[in-house]
Amino acid sequence: MTQSKELYDAVLNGDARKAHAATQAAIEAGTGPMTLITESMVPAMDEVGRLFEAEEYFVPELLLSGRAMKSAMELLRPLMVASGEKLSVRVVIGTVKGDLHDIGKNLVASMLEGSGFEVVDLGTDVSPEKFVATVEEQKPHIVCLSALLTVTMPAMKTTIDALETAGVRTRVKVLVGGAPVTMQYAKEIGADGYSETASGAIALVRQIVAGA
Amino acid sequence: MPITMMFAADILGVKYGRYLRDHRILVEAQVKTAEMFVLDYVSVISSSSEAADLGARLQWYDDQPSAVIEEGALFADKANFARVKAPELISGGLMGDRVRAVELLRQRVGKDLLVEGWVEGPCASAADLRGISRLMMDFSDDPGFVHDLFDFTLEVAIRFASSQIHSGADIVGVGDAAASLVGPRIYKEFVWPWEKKLVDAIHAEGGRVRLHICGNTRRILGGIGELGCDLVDVDFPVPLEQARSQMGPLQTLTGNLDPVRDLRSGSPESITQSLEALRQKAGARWIVAAGCEVVRDTPHDNLRAMTKFAQTHATESLPA
């Protein structure tokens, strides 16, 4: 194990400046990007998720850790592109059409990224056509759909139907979540999975990847 | 005291976008809903009136709630904060429209029903103006700015609440949803002191206070119980017995059926059973409601089952 304790602590404590500096120091010392991600950042975000589940961390702490992780990724991403290294699983995420709420989606995206997945965040108010185009272009393994409003929940079904019509539905697993969404609704619209919480969504993605 | 907004607009058969912007429509919808379901109160509850009037960019929709555009939040750039002042008088804009809604509701229902005003709490309003993700990180990055921002949102809330009380509101709901996202440390330092000032100010104006924080508030229940609110709404993720034990027997609690699983997707029989279980947990000083807004496609018989339960057990929820 070649963990950078400094990077691990910086992500855990949500300190973006220290995360950036620790990453820079580790790169200069010859540690590879994938090693830093798998040995330091993923364990740190796992611990962040555990603390969130235990109600010792809350949304501010999650966002700070996500930001710290992103500041490290800014240094690592160009190195990965240059060396041809890739994260093994790509996840597309977005809040469905008509819905501008993004904090839940951001939390899931941040925790997915911190868990070593490549995340393509399409933002909010994302049309079914945009999801289809992204699936065709980026070839993700998983698509995550978020909705906060009961009135925008039907856009989840519209999006799944659009993936079906475009002939790409079987290429991806579709997960749904958001305050009004239930397991029953997820089944009704033909989603492959549902989670009530951000950390549950990460566990679900891992479960799908492990079973793939 | 079930919260109805989009549900009430649907009862009147109007688009929710109009309900949000025209007090006459809101009043008709509230009165009709109260009559149909024999509710004890009418309310001007809606969200983001304050942010809209202060100049925040909102996305309006035909038939769903407006949303603050986070990327273009009014105080995304902190420099803008120094340039905006709290309005002296609440007369125009959406806040003025809500004040007129209170006046008209009072005229329509007389003394028969409780009239509830509504303001955004200091934390929720700050989240609307700064952007919720930015605010969540400001607690750590710039505590002084958060204190100044909360002073500002508190001032707006007090003036808005005062206008509604003077227009006939018996009680003012304080919606501070963003507060459920923080833990006890941040709640104690940043949120509680400003919520407390708002509660005290509403009481000083002669109004009663209903605090509504959507979401999981389990870790901040103790603080909420010390605010001195007349009613505290408990959302469905919080076990009602925990709210009771942490806030004590003297706190009136409101809630907390799950609006989707229990109230929308349940049956009159299952709702009655769930309420009976809640009654056991709540004890006296309990008001029957869902944890949050009654969702718009809730079967009417389900809501009637809830109000029937409340009417049947009314005297039992009073203190001995």
# chains A, B, ... in the order shown; residues from 1 in each chain; ligands from 1
$ select_by_dssp --residues "stretch 164-294 of chain B" --states "strand (DSSP E)" --output "list in words"
Ile171, Val172, Gly173, Val174, Gly175, Arg208, Val209, Arg210, Leu211, His212, Leu231, Val232, Asp233, Val234, Thr252, Leu253, Thr254, Gly255, Asn256, Leu257, Trp286, Ile287, Val288, Ala289 and Ala290 of chain B
$ residues_around --residues "stretch 88-92 of chain A" --least-positions-apart "5" --cutoff "9 Å" --atoms "only C-alpha atoms" --output "number ranges by chain"
A: 109, 112, 116-122, 131, 134-135, 138-145, 205, 209
$ write_last_selection --atoms "N, CA and C atoms" --output "compact mmCIF listing (two decimals), in the first residue's frame"
# COMPACT_ATOMS: atom_id res chain seq x y z
N ALA A 109 -22.80 12.60 -7.61
CA ALA A 109 -21.71 12.74 -8.59
C ALA A 109 -20.37 12.84 -7.88
N LEU A 112 -19.42 9.52 -6.33
CA LEU A 112 -19.03 8.55 -7.37
C LEU A 112 -17.61 8.83 -7.85
N GLY A 116 -13.82 6.54 -7.42
CA GLY A 116 -12.99 6.02 -8.51
C GLY A 116 -13.73 5.80 -9.82
N PHE A 117 -14.94 6.35 -9.94
CA PHE A 117 -15.67 6.22 -11.20
C PHE A 117 -15.49 7.49 -12.03
N GLU A 118 -15.53 7.32 -13.35
CA GLU A 118 -15.49 8.50 -14.21
C GLU A 118 -16.91 9.03 -14.34
N VAL A 119 -17.09 10.28 -14.01
CA VAL A 119 -18.45 10.84 -13.97
C VAL A 119 -18.63 11.89 -15.06
N VAL A 120 -19.67 11.74 -15.85
CA VAL A 120 -20.05 12.76 -16.83
C VAL A 120 -21.32 13.41 -16.29
N ASP A 121 -21.15 14.63 -15.77
CA ASP A 121 -22.28 15.32 -15.13
C ASP A 121 -22.94 16.25 -16.15
N LEU A 122 -24.16 15.93 -16.51
CA LEU A 122 -24.86 16.73 -17.53
C LEU A 122 -25.61 17.91 -16.92
N PHE A 131 -29.60 12.92 -22.93
CA PHE A 131 -29.15 11.66 -22.32
C PHE A 131 -28.83 10.63 -23.41
N THR A 134 -25.63 11.51 -25.22
CA THR A 134 -24.45 11.27 -24.38
C THR A 134 -24.15 9.78 -24.27
N VAL A 135 -25.18 8.98 -24.17
CA VAL A 135 -24.97 7.52 -24.12
C VAL A 135 -24.32 7.06 -25.42
N GLN A 138 -20.57 8.88 -25.38
CA GLN A 138 -19.62 8.60 -24.30
C GLN A 138 -19.60 7.13 -23.88
N LYS A 139 -20.58 6.38 -24.32
CA LYS A 139 -20.67 4.95 -24.02
C LYS A 139 -20.46 4.63 -22.53
N PRO A 140 -21.31 5.21 -21.70
CA PRO A 140 -21.19 4.92 -20.26
C PRO A 140 -21.72 3.53 -19.93
N HIS A 141 -21.39 3.07 -18.74
CA HIS A 141 -21.93 1.80 -18.26
C HIS A 141 -23.24 2.01 -17.52
N ILE A 142 -23.33 3.20 -16.89
CA ILE A 142 -24.47 3.47 -16.01
C ILE A 142 -24.98 4.89 -16.25
N VAL A 143 -26.31 5.05 -16.19
CA VAL A 143 -26.92 6.38 -16.27
C VAL A 143 -27.72 6.61 -14.99
N CYS A 144 -27.45 7.73 -14.32
CA CYS A 144 -28.18 8.05 -13.08
C CYS A 144 -29.10 9.24 -13.34
N LEU A 145 -30.38 9.07 -13.01
CA LEU A 145 -31.37 10.13 -13.21
C LEU A 145 -31.87 10.63 -11.87
N VAL A 205 -24.06 1.25 -7.45
CA VAL A 205 -23.17 1.27 -8.62
C VAL A 205 -22.09 0.20 -8.46
N VAL A 209 -21.39 -2.98 -10.89
CA VAL A 209 -20.08 -3.20 -11.51
C VAL A 209 -19.55 -4.58 -11.13
$ interface_residues --of "chain A" --to "chain B" --cutoff "8 Å" --atoms "only C-alpha atoms" --output "list in words"
Glu55, Glu56, Tyr57, Phe58, Val59, Pro60, Glu61, Leu63, Leu64, Leu100, His101, Ile103, Thr150, Val151 and Pro180 of chain A
$ residues_around --residues "B:Arg304" --least-positions-apart "3" --cutoff "8 Å" --atoms "only C-alpha atoms" --output "VMD selection string"
chain B and resid 37 268 300 to 301 307 to 308
$ write_last_selection --atoms "C-alpha atoms" --output "PDB file, in the first residue's frame"
ATOM      1  CA  PHE B  37     -61.450  18.484   3.177  1.00  0.00           C
ATOM      2  CA  PRO B 268     -57.714   5.201   3.923  1.00  0.00           C
ATOM      3  CA  HIS B 300     -58.919  12.625  -2.079  1.00  0.00           C
ATOM      4  CA  ASP B 301     -60.193   9.817   0.115  1.00  0.00           C
ATOM      5  CA  THR B 307     -58.715  14.810   8.494  1.00  0.00           C
ATOM      6  CA  LYS B 308     -61.324  12.360   9.784  1.00  0.00           C
TER       7      LYS B 308
END
$ residues_around --residues "B:Gln246" --least-positions-apart "2" --cutoff "9 Å" --atoms "only C-alpha atoms" --output "list of chain:residue names"
B:Leu221, B:Gly222, B:Gly225, B:Glu241, B:Gln242, B:Ala243, B:Arg244, B:Gly248
$ residues_around --residues "stretch 86-94 of chain B" --least-positions-apart "6" --cutoff "7 Å" --atoms "only C-alpha atoms" --output "list of chain:residue names"
B:Arg21, B:Ser49, B:Asp53, B:Phe152, B:Glu155, B:Val156, B:Phe160, B:Ser163
$ residues_around --residues "A:Asp102" --least-positions-apart "4" --cutoff "7 Å" --atoms "only C-alpha atoms" --output "list in words"
Thr95, Asn106 and Thr124 of chain A
$ write_last_selection --atoms "C-alpha atoms" --output "CSV table (one decimal), in the first residue's frame"
chain,number,residue,atom,x,y,z
A,95,THR,CA,-31.3,15.9,-13.2
A,106,ASN,CA,-24.2,16.8,-7.0
A,124,THR,CA,-29.9,20.0,-14.5
$ residues_around --residues "B:Val294" --least-positions-apart "2" --cutoff "9 Å" --atoms "only C-alpha atoms" --output "list in words"
Pro2, Ile3, Thr4, Met5, Met6, Phe7, Pro259, Val260, Leu263, Arg264, Ala289, Ala290, Gly291, Cys292, Arg296, Asp297, Thr298 and Leu303 of chain B
$ write_last_selection --atoms "N, CA and C atoms" --output "PDB file, in the first residue's frame"
ATOM      1  N   PRO B   2     -52.474  19.850   7.215  1.00  0.00           N
ATOM      2  CA  PRO B   2     -51.714  19.409   6.040  1.00  0.00           C
ATOM      3  C   PRO B   2     -51.321  20.583   5.142  1.00  0.00           C
ATOM      4  N   ILE B   3     -50.094  20.592   4.693  1.00  0.00           N
ATOM      5  CA  ILE B   3     -49.626  21.660   3.803  1.00  0.00           C
ATOM      6  C   ILE B   3     -50.099  21.353   2.389  1.00  0.00           C
ATOM      7  N   THR B   4     -50.852  22.283   1.822  1.00  0.00           N
ATOM      8  CA  THR B   4     -51.305  22.087   0.439  1.00  0.00           C
ATOM      9  C   THR B   4     -50.882  23.279  -0.410  1.00  0.00           C
ATOM     10  N   MET B   5     -50.240  22.996  -1.509  1.00  0.00           N
ATOM     11  CA  MET B   5     -49.866  24.049  -2.466  1.00  0.00           C
ATOM     12  C   MET B   5     -50.298  23.601  -3.877  1.00  0.00           C
ATOM     13  N   MET B   6     -49.485  22.736  -4.499  1.00  0.00           N
ATOM     14  CA  MET B   6     -49.878  22.248  -5.831  1.00  0.00           C
ATOM     15  C   MET B   6     -51.190  21.472  -5.755  1.00  0.00           C
ATOM     16  N   PHE B   7     -51.367  20.759  -4.650  1.00  0.00           N
ATOM     17  CA  PHE B   7     -52.620  20.018  -4.455  1.00  0.00           C
ATOM     18  C   PHE B   7     -53.807  20.988  -4.466  1.00  0.00           C
ATOM     19  N   PRO B 259     -45.404  11.716   3.022  1.00  0.00           N
ATOM     20  CA  PRO B 259     -46.377  12.248   2.050  1.00  0.00           C
ATOM     21  C   PRO B 259     -46.553  11.344   0.826  1.00  0.00           C
ATOM     22  N   VAL B 260     -45.501  10.643   0.443  1.00  0.00           N
ATOM     23  CA  VAL B 260     -45.593   9.803  -0.761  1.00  0.00           C
ATOM     24  C   VAL B 260     -46.035   8.387  -0.396  1.00  0.00           C
ATOM     25  N   LEU B 263     -49.307   8.752   2.495  1.00  0.00           N
ATOM     26  CA  LEU B 263     -50.511   9.516   2.161  1.00  0.00           C
ATOM     27  C   LEU B 263     -50.931   9.361   0.697  1.00  0.00           C
ATOM     28  N   ARG B 264     -49.972   9.415  -0.217  1.00  0.00           N
ATOM     29  CA  ARG B 264     -50.354   9.296  -1.623  1.00  0.00           C
ATOM     30  C   ARG B 264     -50.592   7.840  -2.013  1.00  0.00           C
ATOM     31  N   ALA B 289     -50.716  15.657  10.543  1.00  0.00           N
ATOM     32  CA  ALA B 289     -50.311  16.183   9.225  1.00  0.00           C
ATOM     33  C   ALA B 289     -49.357  15.198   8.576  1.00  0.00           C
ATOM     34  N   ALA B 290     -49.089  15.440   7.306  1.00  0.00           N
ATOM     35  CA  ALA B 290     -47.991  14.718   6.661  1.00  0.00           C
ATOM     36  C   ALA B 290     -46.693  15.435   7.027  1.00  0.00           C
ATOM     37  N   GLY B 291     -45.563  14.775   6.838  1.00  0.00           N
ATOM     38  CA  GLY B 291     -44.283  15.399   7.185  1.00  0.00           C
ATOM     39  C   GLY B 291     -43.982  16.613   6.349  1.00  0.00           C
ATOM     40  N   CYS B 292     -44.509  16.631   5.130  1.00  0.00           N
ATOM     41  CA  CYS B 292     -44.265  17.775   4.246  1.00  0.00           C
ATOM     42  C   CYS B 292     -45.504  17.946   3.369  1.00  0.00           C
ATOM     43  N   ARG B 296     -49.446  16.296  -5.150  1.00  0.00           N
ATOM     44  CA  ARG B 296     -50.613  16.731  -5.924  1.00  0.00           C
ATOM     45  C   ARG B 296     -51.541  15.596  -6.355  1.00  0.00           C
ATOM     46  N   ASP B 297     -51.020  14.395  -6.562  1.00  0.00           N
ATOM     47  CA  ASP B 297     -51.929  13.342  -7.015  1.00  0.00           C
ATOM     48  C   ASP B 297     -52.395  12.444  -5.867  1.00  0.00           C
ATOM     49  N   THR B 298     -52.375  12.980  -4.652  1.00  0.00           N
ATOM     50  CA  THR B 298     -52.882  12.232  -3.496  1.00  0.00           C
ATOM     51  C   THR B 298     -54.383  11.964  -3.663  1.00  0.00           C
ATOM     52  N   LEU B 303     -56.699  11.866   1.863  1.00  0.00           N
ATOM     53  CA  LEU B 303     -56.614  13.090   2.668  1.00  0.00           C
ATOM     54  C   LEU B 303     -57.813  13.174   3.617  1.00  0.00           C
TER      55      LEU B 303
END
$ select_by_dssp --residues "stretch 13-130 of chain A" --states "alpha helix (DSSP H)" --output "MDAnalysis selection string"
chainID A and resid 16:28 33:36 42:53 59:83 103:114 128:130
$ closest_residue --among "B:Lys197, B:Gly55, B:Ala310, B:Glu103" --to "B:Arg24" --atoms "only C-alpha atoms"
B:Glu103
$ atom_distance --atom1 "atom CA of A:Pro128" --atom2 "atom CA of A:Met73"
29.1 Å
